[in-house]
Amino acid sequence: MKAKIFLLCCLAVAFCSCNVDFDPNTEWKETTIVYSLLDQDDDTTFVRVEKAFLGKGNYIEFAEVRDSIYYKEEDIDVKMYEAYTWDENFNTPSDTFQFIYTTAYQKQEGEFSNEESPIYYCVTRGRIRQNRLYKLVVTNLKTGNIVSSTTSPLATFNILKPESNNFVFNGTKNNLKMDIEWNNKNNNSYGAMPKLFQPMIRFYYMENNVEKFIDVSFGKVVNQYSAGTSHKMTYTLTMQSLLNALKTKLDNNQPKQWTNRTNPLELTIAACDIAMYDYMNINRADENMLTERPFYTNIDNGVGLFASRRRGIKIVFDRYTSLDDFVNGLVGLNVGFTTK
């Protein structure tokens, strides 16, 4: 027993007398952060590229320095490649998209650098095909480090209800509702099956003789079907929820006028793929979470997200059969509207 105690004491002295050279800031590993969403209905695809940083001192001060989180224009090359779905390794790309560096985008103020925020863009409208795969590749021209990720555009789906000539809320005056229906994927449509849907109403109005609009998003609907034939998705929208949302978004200090449009409302069904769905689920705030928050990324050799979404599935209504109810309800909110 004495021999064992003596041995432990010797080991303790040895560890205490060692010259510890470990320094978390001495060895640096490049970590590229990439975020991009591919939407075949958009005119332009954007890619945000940043870098993780580690150093001695106050991290808040580091974050305020532009070079700590952004690469220089000459350092990074951003491309996207298109390939047939059977060519998962992109051995023979069928198209190449070169992204352009710009500092036109102005980042909101905050703890991180609020100087010019670089972003990469490429005009992609009309070039994204649903029967293809797309691989985003970010190359550091100085170090040779490459990060990448692959996604597939979303399949086409249609709004079934309400129809363009029958946008109407039904029910009692204090409980007006509208059933919204759409299919999760058109039969024989190429592209990935959407995983999450969200109805959105766009309201057009006039303010100081300028037409403006407000987008109001409602509850998310998860698609439980991963493959197979088309299935119907539904959501019930109440007029009161629409009015309440508009009240929080409209500036009641400015007088407003009704637009000359036949119907001031448009319905859009937005959707995203399973990668974006998983990212949102894992990163959503949870105050009751006592354990370390899980982390999601689908960027190879880096951190971030490259996913697909659609925001162009919409109906512009020919008329609105219950417009009076909406007009009276909006006037009653006292947000600057008078009777139409």
# chains A, B, ... in the order shown; residues from 1 in each chain; ligands from 1
>>> residues_around(residues="A:Gln224", least_positions_apart="2", cutoff="12 Å", atoms="only C-alpha atoms", output="PDB file with C-alpha atoms, in the first residue's frame")
ATOM      1  CA  ASN A 184     -47.362  17.935 -51.621  1.00  0.00           C
ATOM      2  CA  MET A 193     -40.281  16.070 -52.166  1.00  0.00           C
ATOM      3  CA  PRO A 194     -40.917  19.189 -50.013  1.00  0.00           C
ATOM      4  CA  LYS A 195     -40.748  18.443 -46.302  1.00  0.00           C
ATOM      5  CA  LEU A 196     -42.299  21.593 -44.837  1.00  0.00           C
ATOM      6  CA  PHE A 197     -44.978  23.978 -46.131  1.00  0.00           C
ATOM      7  CA  VAL A 221     -47.429  22.074 -42.112  1.00  0.00           C
ATOM      8  CA  VAL A 222     -45.067  19.072 -42.074  1.00  0.00           C
ATOM      9  CA  SER A 226     -41.467  10.996 -48.367  1.00  0.00           C
ATOM     10  CA  ALA A 227     -42.309   9.408 -51.722  1.00  0.00           C
ATOM     11  CA  GLY A 228     -45.085   7.888 -53.783  1.00  0.00           C
ATOM     12  CA  SER A 230     -49.439  12.979 -54.575  1.00  0.00           C
ATOM     13  CA  HIS A 231     -51.129  13.652 -51.228  1.00  0.00           C
ATOM     14  CA  LYS A 232     -53.341  16.528 -50.119  1.00  0.00           C
ATOM     15  CA  MET A 233     -52.109  19.048 -47.537  1.00  0.00           C
ATOM     16  CA  ILE A 274     -35.658  18.161 -45.461  1.00  0.00           C
TER      17      ILE A 274
END
>>> residues_around(residues="stretch 200-215 of chain A", least_positions_apart="6", cutoff="7 Å", atoms="only C-alpha atoms", output="list in words")
Pro255, Lys256, Gln257, Trp258, Thr259, Pro264, Leu265, Glu266, Leu267, Thr268 and Ile269 of chain A
>>> closest_residue(among="A:Asn183, A:Thr45, A:Asn253, A:Asn145", to="A:Val123", atoms="only C-alpha atoms")
A:Thr45
>>> residues_around(residues="stretch 76-90 of chain A", least_positions_apart="6", cutoff="7 Å", atoms="only C-alpha atoms", output="list in words")
Thr96, Phe97, Gln98, Phe99, Asn131, Arg132, Leu133, Tyr134, Lys135, Leu136, Val137, Val138, Thr139, Asn140 and Leu141 of chain A
>>> residues_around(residues="A:Leu333", least_positions_apart="3", cutoff="12 Å", atoms="only C-alpha atoms", output="number ranges by chain")
A: 240, 242-252, 326-330, 336-339
>>> select_by_dssp(residues="stretch 93-319 of chain A", states="helix (DSSP H, G or I)", output="MDAnalysis selection string")
chainID A and resid 239:249 274:283
>>> write_last_selection(atoms="N, CA and C atoms", output="CSV table (one decimal), in the first residue's frame")
chain,number,residue,atom,x,y,z
A,239,MET,N,-60.0,34.6,-40.5
A,239,MET,CA,-59.8,36.0,-40.9
A,239,MET,C,-59.3,36.8,-39.7
A,240,GLN,N,-59.6,36.4,-38.5
A,240,GLN,CA,-59.2,37.2,-37.3
A,240,GLN,C,-57.6,37.0,-37.2
A,241,SER,N,-57.1,35.9,-37.5
A,241,SER,CA,-55.6,35.7,-37.4
A,241,SER,C,-54.9,36.6,-38.4
A,242,LEU,N,-55.5,36.7,-39.6
A,242,LEU,CA,-55.0,37.6,-40.6
A,242,LEU,C,-55.0,39.0,-40.2
A,243,LEU,N,-56.2,39.5,-39.7
A,243,LEU,CA,-56.3,40.9,-39.2
A,243,LEU,C,-55.3,41.2,-38.0
A,244,ASN,N,-55.2,40.2,-37.1
A,244,ASN,CA,-54.3,40.4,-36.0
A,244,ASN,C,-52.9,40.6,-36.4
A,245,ALA,N,-52.5,39.8,-37.4
A,245,ALA,CA,-51.1,39.8,-37.9
A,245,ALA,C,-50.8,41.2,-38.6
A,246,LEU,N,-51.8,41.6,-39.4
A,246,LEU,CA,-51.7,42.9,-40.1
A,246,LEU,C,-51.6,44.1,-39.2
A,247,LYS,N,-52.3,44.0,-38.1
A,247,LYS,CA,-52.3,45.1,-37.1
A,247,LYS,C,-50.9,45.3,-36.5
A,248,THR,N,-50.2,44.2,-36.3
A,248,THR,CA,-48.8,44.3,-35.7
A,248,THR,C,-47.8,44.8,-36.7
A,249,LYS,N,-48.1,44.7,-38.0
A,249,LYS,CA,-47.1,45.1,-39.1
A,249,LYS,C,-47.4,46.4,-39.7
A,274,ILE,N,-35.9,18.7,-46.8
A,274,ILE,CA,-35.7,18.2,-45.5
A,274,ILE,C,-34.4,18.7,-44.8
A,275,ALA,N,-33.4,19.2,-45.6
A,275,ALA,CA,-32.2,19.7,-45.0
A,275,ALA,C,-32.5,21.0,-44.2
A,276,MET,N,-33.3,21.9,-44.9
A,276,MET,CA,-33.7,23.2,-44.2
A,276,MET,C,-34.6,22.9,-43.1
A,277,TYR,N,-35.5,21.9,-43.2
A,277,TYR,CA,-36.4,21.6,-42.1
A,277,TYR,C,-35.6,21.1,-40.9
A,278,ASP,N,-34.6,20.2,-41.1
A,278,ASP,CA,-33.8,19.7,-40.0
A,278,ASP,C,-33.0,20.9,-39.4
A,279,TYR,N,-32.5,21.8,-40.2
A,279,TYR,CA,-31.7,22.9,-39.7
A,279,TYR,C,-32.6,23.8,-38.8
A,280,MET,N,-33.8,24.1,-39.2
A,280,MET,CA,-34.7,25.0,-38.4
A,280,MET,C,-35.1,24.3,-37.1
A,281,ASN,N,-35.3,23.0,-37.2
A,281,ASN,CA,-35.7,22.3,-36.0
A,281,ASN,C,-34.6,22.3,-34.9
A,282,ILE,N,-33.4,22.0,-35.4
A,282,ILE,CA,-32.3,21.9,-34.5
A,282,ILE,C,-31.9,23.2,-33.9
A,283,ASN,N,-32.0,24.3,-34.7
A,283,ASN,CA,-31.5,25.6,-34.3
A,283,ASN,C,-32.6,26.5,-33.7
>>> residues_around(residues="A:Val168", least_positions_apart="6", cutoff="12 Å", atoms="only C-alpha atoms", output="ChimeraX atom specification")
/A:161-162,176-180,237-239,263,265,317-326
>>> decode(residues="stretch 145-278 of chain A", atoms="C-alpha atoms", output="PDB file, in the first residue's frame")
ATOM      1  CA  ASN A 145      -9.150  24.288 -48.934  1.00  0.00           C
ATOM      2  CA  ILE A 146     -12.465  23.202 -50.521  1.00  0.00           C
ATOM      3  CA  VAL A 147     -15.920  22.965 -48.946  1.00  0.00           C
ATOM      4  CA  SER A 148     -19.003  21.722 -50.767  1.00  0.00           C
ATOM      5  CA  SER A 149     -22.602  20.571 -50.496  1.00  0.00           C
ATOM      6  CA  THR A 150     -25.282  19.162 -52.801  1.00  0.00           C
ATOM      7  CA  THR A 151     -29.006  19.788 -53.096  1.00  0.00           C
ATOM      8  CA  SER A 152     -31.887  19.034 -55.443  1.00  0.00           C
ATOM      9  CA  PRO A 153     -34.558  21.590 -56.492  1.00  0.00           C
ATOM     10  CA  LEU A 154     -38.019  21.042 -55.077  1.00  0.00           C
ATOM     11  CA  ALA A 155     -40.752  19.372 -57.078  1.00  0.00           C
ATOM     12  CA  THR A 156     -43.737  21.340 -58.375  1.00  0.00           C
ATOM     13  CA  PHE A 157     -46.949  21.405 -56.363  1.00  0.00           C
ATOM     14  CA  ASN A 158     -50.264  23.191 -56.932  1.00  0.00           C
ATOM     15  CA  ILE A 159     -52.723  25.109 -54.777  1.00  0.00           C
ATOM     16  CA  LEU A 160     -56.113  23.355 -54.970  1.00  0.00           C
ATOM     17  CA  LYS A 161     -58.257  25.573 -52.708  1.00  0.00           C
ATOM     18  CA  PRO A 162     -59.289  28.321 -52.732  1.00  0.00           C
ATOM     19  CA  GLU A 163     -59.694  28.683 -56.454  1.00  0.00           C
ATOM     20  CA  SER A 164     -58.646  31.903 -58.131  1.00  0.00           C
ATOM     21  CA  ASN A 165     -62.255  33.046 -58.582  1.00  0.00           C
ATOM     22  CA  ASN A 166     -63.526  31.976 -55.176  1.00  0.00           C
ATOM     23  CA  PHE A 167     -61.389  33.503 -52.443  1.00  0.00           C
ATOM     24  CA  VAL A 168     -63.907  33.526 -49.611  1.00  0.00           C
ATOM     25  CA  PHE A 169     -64.092  33.141 -45.834  1.00  0.00           C
ATOM     26  CA  ASN A 170     -67.037  31.088 -44.588  1.00  0.00           C
ATOM     27  CA  GLY A 171     -68.728  30.798 -41.215  1.00  0.00           C
ATOM     28  CA  THR A 172     -70.233  33.150 -38.673  1.00  0.00           C
ATOM     29  CA  LYS A 173     -69.253  36.815 -38.580  1.00  0.00           C
ATOM     30  CA  ASN A 174     -66.968  36.361 -35.563  1.00  0.00           C
ATOM     31  CA  ASN A 175     -65.498  33.078 -36.779  1.00  0.00           C
ATOM     32  CA  LEU A 176     -64.800  33.411 -40.502  1.00  0.00           C
ATOM     33  CA  LYS A 177     -62.533  30.675 -41.872  1.00  0.00           C
ATOM     34  CA  MET A 178     -61.003  29.616 -45.153  1.00  0.00           C
ATOM     35  CA  ASP A 179     -59.737  26.107 -45.935  1.00  0.00           C
ATOM     36  CA  ILE A 180     -56.492  26.073 -47.900  1.00  0.00           C
ATOM     37  CA  GLU A 181     -55.541  22.909 -49.769  1.00  0.00           C
ATOM     38  CA  TRP A 182     -52.553  21.958 -51.916  1.00  0.00           C
ATOM     39  CA  ASN A 183     -50.768  18.808 -53.006  1.00  0.00           C
ATOM     40  CA  ASN A 184     -47.362  17.935 -51.621  1.00  0.00           C
ATOM     41  CA  LYS A 185     -45.986  17.091 -55.075  1.00  0.00           C
ATOM     42  CA  ASN A 186     -47.435  16.857 -58.546  1.00  0.00           C
ATOM     43  CA  ASN A 187     -47.506  13.360 -59.977  1.00  0.00           C
ATOM     44  CA  ASN A 188     -44.666  12.794 -62.458  1.00  0.00           C
ATOM     45  CA  SER A 189     -42.905  15.962 -61.272  1.00  0.00           C
ATOM     46  CA  TYR A 190     -39.124  15.854 -60.987  1.00  0.00           C
ATOM     47  CA  GLY A 191     -37.341  17.240 -57.957  1.00  0.00           C
ATOM     48  CA  ALA A 192     -37.158  16.601 -54.240  1.00  0.00           C
ATOM     49  CA  MET A 193     -40.281  16.070 -52.166  1.00  0.00           C
ATOM     50  CA  PRO A 194     -40.917  19.189 -50.013  1.00  0.00           C
ATOM     51  CA  LYS A 195     -40.748  18.443 -46.302  1.00  0.00           C
ATOM     52  CA  LEU A 196     -42.299  21.593 -44.837  1.00  0.00           C
ATOM     53  CA  PHE A 197     -44.978  23.978 -46.131  1.00  0.00           C
ATOM     54  CA  GLN A 198     -46.127  27.388 -44.908  1.00  0.00           C
ATOM     55  CA  PRO A 199     -49.094  29.435 -46.211  1.00  0.00           C
ATOM     56  CA  MET A 200     -48.507  33.159 -46.621  1.00  0.00           C
ATOM     57  CA  ILE A 201     -50.858  36.044 -47.431  1.00  0.00           C
ATOM     58  CA  ARG A 202     -49.543  39.160 -49.168  1.00  0.00           C
ATOM     59  CA  PHE A 203     -51.650  42.296 -48.625  1.00  0.00           C
ATOM     60  CA  TYR A 204     -51.292  45.224 -51.056  1.00  0.00           C
ATOM     61  CA  TYR A 205     -52.183  48.788 -50.051  1.00  0.00           C
ATOM     62  CA  MET A 206     -51.323  52.415 -50.819  1.00  0.00           C
ATOM     63  CA  GLU A 207     -49.426  54.807 -48.579  1.00  0.00           C
ATOM     64  CA  ASN A 208     -48.482  58.344 -49.701  1.00  0.00           C
ATOM     65  CA  ASN A 209     -49.542  57.355 -53.236  1.00  0.00           C
ATOM     66  CA  VAL A 210     -47.022  54.503 -53.281  1.00  0.00           C
ATOM     67  CA  GLU A 211     -48.137  50.877 -53.473  1.00  0.00           C
ATOM     68  CA  LYS A 212     -46.706  48.726 -50.702  1.00  0.00           C
ATOM     69  CA  PHE A 213     -47.284  45.213 -49.447  1.00  0.00           C
ATOM     70  CA  ILE A 214     -46.999  43.200 -46.259  1.00  0.00           C
ATOM     71  CA  ASP A 215     -46.361  39.467 -46.064  1.00  0.00           C
ATOM     72  CA  VAL A 216     -47.999  37.498 -43.276  1.00  0.00           C
ATOM     73  CA  SER A 217     -46.876  33.911 -42.656  1.00  0.00           C
ATOM     74  CA  PHE A 218     -49.013  31.355 -40.842  1.00  0.00           C
ATOM     75  CA  GLY A 219     -48.587  27.920 -39.293  1.00  0.00           C
ATOM     76  CA  LYS A 220     -46.147  25.392 -40.733  1.00  0.00           C
ATOM     77  CA  VAL A 221     -47.429  22.074 -42.112  1.00  0.00           C
ATOM     78  CA  VAL A 222     -45.067  19.072 -42.074  1.00  0.00           C
ATOM     79  CA  ASN A 223     -45.254  16.667 -44.997  1.00  0.00           C
ATOM     80  CA  GLN A 224     -45.293  13.150 -43.532  1.00  0.00           C
ATOM     81  CA  TYR A 225     -44.952  11.517 -46.962  1.00  0.00           C
ATOM     82  CA  SER A 226     -41.467  10.996 -48.367  1.00  0.00           C
ATOM     83  CA  ALA A 227     -42.309   9.408 -51.722  1.00  0.00           C
ATOM     84  CA  GLY A 228     -45.085   7.888 -53.783  1.00  0.00           C
ATOM     85  CA  THR A 229     -48.159   9.503 -55.287  1.00  0.00           C
ATOM     86  CA  SER A 230     -49.439  12.979 -54.575  1.00  0.00           C
ATOM     87  CA  HIS A 231     -51.129  13.652 -51.228  1.00  0.00           C
ATOM     88  CA  LYS A 232     -53.341  16.528 -50.119  1.00  0.00           C
ATOM     89  CA  MET A 233     -52.109  19.048 -47.537  1.00  0.00           C
ATOM     90  CA  THR A 234     -54.498  21.372 -45.643  1.00  0.00           C
ATOM     91  CA  TYR A 235     -54.503  24.442 -43.441  1.00  0.00           C
ATOM     92  CA  THR A 236     -57.424  26.441 -41.997  1.00  0.00           C
ATOM     93  CA  LEU A 237     -56.932  30.205 -41.995  1.00  0.00           C
ATOM     94  CA  THR A 238     -59.138  32.461 -39.900  1.00  0.00           C
ATOM     95  CA  MET A 239     -59.822  36.040 -40.883  1.00  0.00           C
ATOM     96  CA  GLN A 240     -59.154  37.159 -37.326  1.00  0.00           C
ATOM     97  CA  SER A 241     -55.629  35.718 -37.380  1.00  0.00           C
ATOM     98  CA  LEU A 242     -54.979  37.595 -40.628  1.00  0.00           C
ATOM     99  CA  LEU A 243     -56.293  40.867 -39.200  1.00  0.00           C
ATOM    100  CA  ASN A 244     -54.312  40.447 -35.971  1.00  0.00           C
ATOM    101  CA  ALA A 245     -51.095  39.849 -37.908  1.00  0.00           C
ATOM    102  CA  LEU A 246     -51.659  42.897 -40.132  1.00  0.00           C
ATOM    103  CA  LYS A 247     -52.281  45.071 -37.090  1.00  0.00           C
ATOM    104  CA  THR A 248     -48.821  44.269 -35.725  1.00  0.00           C
ATOM    105  CA  LYS A 249     -47.149  45.072 -39.058  1.00  0.00           C
ATOM    106  CA  LEU A 250     -48.957  48.231 -40.196  1.00  0.00           C
ATOM    107  CA  ASP A 251     -47.780  51.672 -39.115  1.00  0.00           C
ATOM    108  CA  ASN A 252     -50.911  53.349 -37.733  1.00  0.00           C
ATOM    109  CA  ASN A 253     -49.282  56.797 -37.867  1.00  0.00           C
ATOM    110  CA  GLN A 254     -49.607  56.981 -41.655  1.00  0.00           C
ATOM    111  CA  PRO A 255     -52.935  57.342 -43.529  1.00  0.00           C
ATOM    112  CA  LYS A 256     -53.472  54.577 -46.059  1.00  0.00           C
ATOM    113  CA  GLN A 257     -55.574  54.002 -49.152  1.00  0.00           C
ATOM    114  CA  TRP A 258     -56.896  50.871 -50.795  1.00  0.00           C
ATOM    115  CA  THR A 259     -55.094  49.626 -53.890  1.00  0.00           C
ATOM    116  CA  ASN A 260     -56.815  49.623 -57.276  1.00  0.00           C
ATOM    117  CA  ARG A 261     -56.209  45.883 -57.597  1.00  0.00           C
ATOM    118  CA  THR A 262     -59.313  43.734 -58.014  1.00  0.00           C
ATOM    119  CA  ASN A 263     -58.198  41.821 -54.942  1.00  0.00           C
ATOM    120  CA  PRO A 264     -55.632  43.243 -52.494  1.00  0.00           C
ATOM    121  CA  LEU A 265     -54.677  39.754 -51.285  1.00  0.00           C
ATOM    122  CA  GLU A 266     -52.466  36.992 -52.733  1.00  0.00           C
ATOM    123  CA  LEU A 267     -51.943  33.500 -51.366  1.00  0.00           C
ATOM    124  CA  THR A 268     -48.550  31.817 -51.505  1.00  0.00           C
ATOM    125  CA  ILE A 269     -47.525  28.377 -50.292  1.00  0.00           C
ATOM    126  CA  ALA A 270     -43.811  28.322 -49.437  1.00  0.00           C
ATOM    127  CA  ALA A 271     -41.909  25.066 -49.039  1.00  0.00           C
ATOM    128  CA  CYS A 272     -38.463  23.749 -48.144  1.00  0.00           C
ATOM    129  CA  ASP A 273     -36.569  20.465 -48.330  1.00  0.00           C
ATOM    130  CA  ILE A 274     -35.658  18.161 -45.461  1.00  0.00           C
ATOM    131  CA  ALA A 275     -32.219  19.736 -44.979  1.00  0.00           C
ATOM    132  CA  MET A 276     -33.680  23.174 -44.246  1.00  0.00           C
ATOM    133  CA  TYR A 277     -36.406  21.552 -42.123  1.00  0.00           C
ATOM    134  CA  ASP A 278     -33.809  19.745 -39.987  1.00  0.00           C
TER     135      ASP A 278
END
